[in-house]
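Asker: I have a structure I would like to understand better, so I am pasting it below and will then ask my questions one at a time.
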Amino acid sequence: MSDLLAARSQMAVSLAFHIIFAVVGIGMPVLMVIAERRWQKTGDPIHLDLARRWSKGTAILFAVGAVSGTVLSFELGLLWPGFMELAGGIIGMPFSLEGFAFFTEAIFLGIYLYGWDRISPRAHLWAGIAVAVSGAASGIFVVMANSWMNSPAGFDMVGGRPVNVDPVAAMLNPMAFQQTLHMTLAAYAATGFAVAGIHAFLLLLDRDNAFHRRALSAALVLGAPAAVLQPISGDISARSVAARQPVKLAAMESHFETMADAPLIIGGFPDAETGETPYAIKIPYGLSLLAFHDPHAVVRGLNDFPREDWPNVPIVHTAFQIMVALGTYMALVSLWAGWVALRLRDVTLSRPLLRALALGAPMGFIAIEAGWTVTEVGRQPWIIHGVLRTADAVTPMPGLVVPFVLFTLLYCFLGVIVGWLLYRQIIRSPKSSEWSRRYTPATLRRV
Amino acid sequence: MSELRLADVLAAVLALSLNAYVLFGGADFGGGVWDLLASGPRRNRQREVIAHAIGPIWEANHVWLILAIVLTFTCFPPVYARLGTVLHIPLTLMLVGIVLRGSAFTFRTYDSQHDAAQRRWGRMFASASVITPVLLGISIGAVASGRVGVETSGGFVQQFVDPWLTPFSLSVGLLALTLFAFLAAVFLTLETNDRELSDDFRLRALASGVAVFLGSGLVLLLADEAAPMVRSGLVGSPWSLPLHLATGLAAVGVFAALWLRRYRLARLAVGLQVSLIFWGWPLAQYPFLLPPSYTIANTAAPEPTLRLTLIALLGGGLILLPSLWYLFRVFKSGPADPDGSGSLHHSSDRLHQ
């Protein structure tokens, strides 16, 4: 394994691991707040139980997210010093703001988790809202920095050095809005669907469990609207990729030849040597229509670009297909859930819907991993699109396979533990003995 | 404000956030040290007090380090690139320590309360709390000795090991560890109302205070040859004498306050003492960030970046500082648990059952 590949792999593992926890840190606080608010309004103790269980899950996941995020902030320099030396002064701004947002999130999460009996219920709810808002803000700032790598702005390169640096223009780069919108919706949809799916599954086993019914309802309030809006945001994103990173779009769509009336290629196995995509479904005019909202538009193909500027086509194309397929499933199931809720007033009455939701539990997170594969692998061989190649940014440090293996093992270990703890502490139904103890008035007063 | 002055201000803010990390994050690591060294008849209750003290605040305290890192790569990008390259090995190991410390602490809080599980996570949390400060100190020692800021050539060892694996760097690592343990022990005297438990921590504070004294002496001794710039700054600057006098006074204050069990006073004095010891380092190597070649001026990012970062810091501070004040007011205005026992269970078990 070359050092460059080891560095890229370590970065990929670190990001793929961290993003799950980052997304949960954006989505779960909203669920906690919904449940706590419902408890305060209705006095129904099950909502309080939900808020507490969810805050416990958030605590575990947020801690792992905080430390794995620290790893990333160091890895930028440990693995890509060439990138940071060039980019730090230009794109440090959103990172600084992210630092503050994350700080605020950590402070109010501490208050929320440990402050149940130390501050008023009103202040406690507001602490939860502060966690949710700063969590979303911190995600938005980080994605802004990433979008700059796709559409660099706010500087001129003169003699290999950046001049006329404008950090605000860099932060508000042309792809910032599209990417942050797509990612924020993804975070809400993925968290909402994961929680809804788990409780839908448990409802299939234990139909009248009031705990799971309330959990499912709160999770759908968060996840379903986001999943329905996500295809629209995806369309906005894809069109900006078509305009600014045509080679990435061509790889996503496995589109080899520049042409008008370009068909949309779904599935298949792209072969970069022959320029064919066997076993694919072709929809006439589809790509021109999607990329430029005009069935006759000319879409540039991979052959328009030098071979050394191509990303890995099979990976990008396949990841893109996975993301779109899962996103479509989630949007359709959300519409179905909305229809069932309107018609029957209770989504738990439809067992086929519960099955579909249970099946969708992991889909949001898989779609997020696939989507990040599209945007990161699709940007290769550039670390800053059109400005700096990844190979020129990597550290001169040899033996990078060692830290790669080290962090991979570390994250596998943490992943297993976190999964086990979540199962045991959060997901599993409350036992009947716990119910009677928990919901006696004396217990409530102690809260 | 001229460009140079602006960069100086940001370098000062960078040092301040590191100072805050040493005081707050450092004390959390020190808590882990005392978890490892918990002993005597009140062993388990010591651990509970520590867990209860760290629980609500360690994640927020940890962000001071992230802020320092972000300020480094935003305002002084070449410094960040150089640190990441030369100190790749100690920083990577430090990250492993940070990851294991934070996750093991959280796992211990939320895993079952059976002894076996608690001991397993507790051991991991405590050993990571010992290793991480040493690696942080080693990295700071390497910078202070001028081995990071100098162009190196030769093989792997010459470029990536020699700059930080020196007796001097190791002594700074040890000093960091003793400082953090000292801070934690003093802070912990205030985390319980139980006189015996307070006395346990008081004794530990006095002992680690002596260790800090010895550690500082060792660092200064080795600095003679290994870090001449820092050494001469610490000894021969116009501010050296006042700094050492103030540090000495603060140290005497800590010991006296501990002796008299005036713990609030001790907390204040130890914060002052540790901050003064810390500030000796950036002051002694000013205007260098990585002596002997990377200065504040020659590594600073373009002026608009510096100006906007400063504005962001001020704006962020307006949200951050009141929030931090609120956090500490809620959790640090007095021991939560009048009987000083069962603190961990008090806050977490109730969530479990």
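Quick note on naming: the chains in the structure tokens go A, B, ... in the order shown, residues restart at 1 in each chain, and ligands are numbered from 1 in order of appearance.
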Counting only C-alpha atoms, collect the residues of chain A whose closest atom lies at most 7 Å from chain B, and write them out as a VMD selection string.
Answerer: chain A and resid 52 60 63 to 64 67 to 68 70 to 71 77 to 78 81 to 82 84 to 85 88 to 90 92 to 93 95 to 97 99 to 100 103 to 104 106 to 107 110 to 111 114 118 165 to 167 395 397 421 434
Asker: Neighbours of range 254-271 of chain B within 9 Å (only C-alpha atoms; same-chain residues fewer than 2 positions away dropped), as a VMD selection string?
Answerer: chain B and resid 23 182 to 183 186 to 187 189 to 190 198 to 199 202 to 203 205 to 206 209 249 to 252 273 to 276
Asker: Report as a list in words all protein, DNA and RNA residues lying within 12 Å of Leu172 in chain A, evaluated on only C-alpha atoms, omitting residues in the same chain fewer than 3 positions from it.
Answerer: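 The contact residues come out as Ile90, Ile91, Met93, Pro94, Ile140, Phe141, Val143, Met144, Ala145, Asn146, Ser147, Trp148, Ser151, Pro152, Ala153, Gly154, Asp166, Pro167, Val168, Ala169, Met175, Ala176, Phe177, Gln178, Gln179 and Thr180 of chain A.
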Asker: Just to be explicit: take each residue in the selection above, keep C-alpha atoms, and write the result as an mmCIF file, in the first residue's frame.
Answerer:
```cif
data_model
loop_
_atom_site.group_PDB
_atom_site.id
_atom_site.type_symbol
_atom_site.label_atom_id
_atom_site.label_comp_id
_atom_site.auth_asym_id
_atom_site.auth_seq_id
_atom_site.Cartn_x
_atom_site.Cartn_y
_atom_site.Cartn_z
ATOM 1 C CA ILE A 90 -8.301 30.850 3.312
ATOM 2 C CA ILE A 91 -10.769 28.383 4.767
ATOM 3 C CA MET A 93 -12.918 30.909 8.971
ATOM 4 C CA PRO A 94 -15.699 28.289 8.905
ATOM 5 C CA ILE A 140 -23.110 23.582 8.382
ATOM 6 C CA PHE A 141 -19.745 25.281 8.991
ATOM 7 C CA VAL A 143 -19.613 21.336 5.192
ATOM 8 C CA MET A 144 -18.942 24.907 4.017
ATOM 9 C CA ALA A 145 -15.229 24.203 4.337
ATOM 10 C CA ASN A 146 -15.671 21.001 2.371
ATOM 11 C CA SER A 147 -17.683 22.712 -0.347
ATOM 12 C CA TRP A 148 -14.782 25.131 -0.788
ATOM 13 C CA SER A 151 -15.597 25.043 -5.675
ATOM 14 C CA PRO A 152 -12.595 26.996 -4.401
ATOM 15 C CA ALA A 153 -13.192 30.756 -4.176
ATOM 16 C CA GLY A 154 -11.917 33.808 -2.357
ATOM 17 C CA ASP A 166 -11.071 36.862 1.002
ATOM 18 C CA PRO A 167 -12.166 34.418 3.720
ATOM 19 C CA VAL A 168 -15.813 35.450 3.498
ATOM 20 C CA ALA A 169 -15.976 34.734 -0.222
ATOM 21 C CA MET A 175 -21.401 25.268 -3.656
ATOM 22 C CA ALA A 176 -21.770 26.130 0.024
ATOM 23 C CA PHE A 177 -25.541 26.498 -0.014
ATOM 24 C CA GLN A 178 -26.221 23.336 -2.036
ATOM 25 C CA GLN A 179 -23.956 21.120 0.056
ATOM 26 C CA THR A 180 -24.990 22.410 3.478
#
```
Asker: If we count only C-alpha atoms and set the cut-off at 10 Å, which residues sit around Ala51 in chain B, ignoring sequence neighbours fewer than 2 positions away in its own chain? Please answer as a PyMOL selection string.
Answerer: chain B and resi 28+31-32+35+45-49+53-56+105-106+108-109+122+343-345
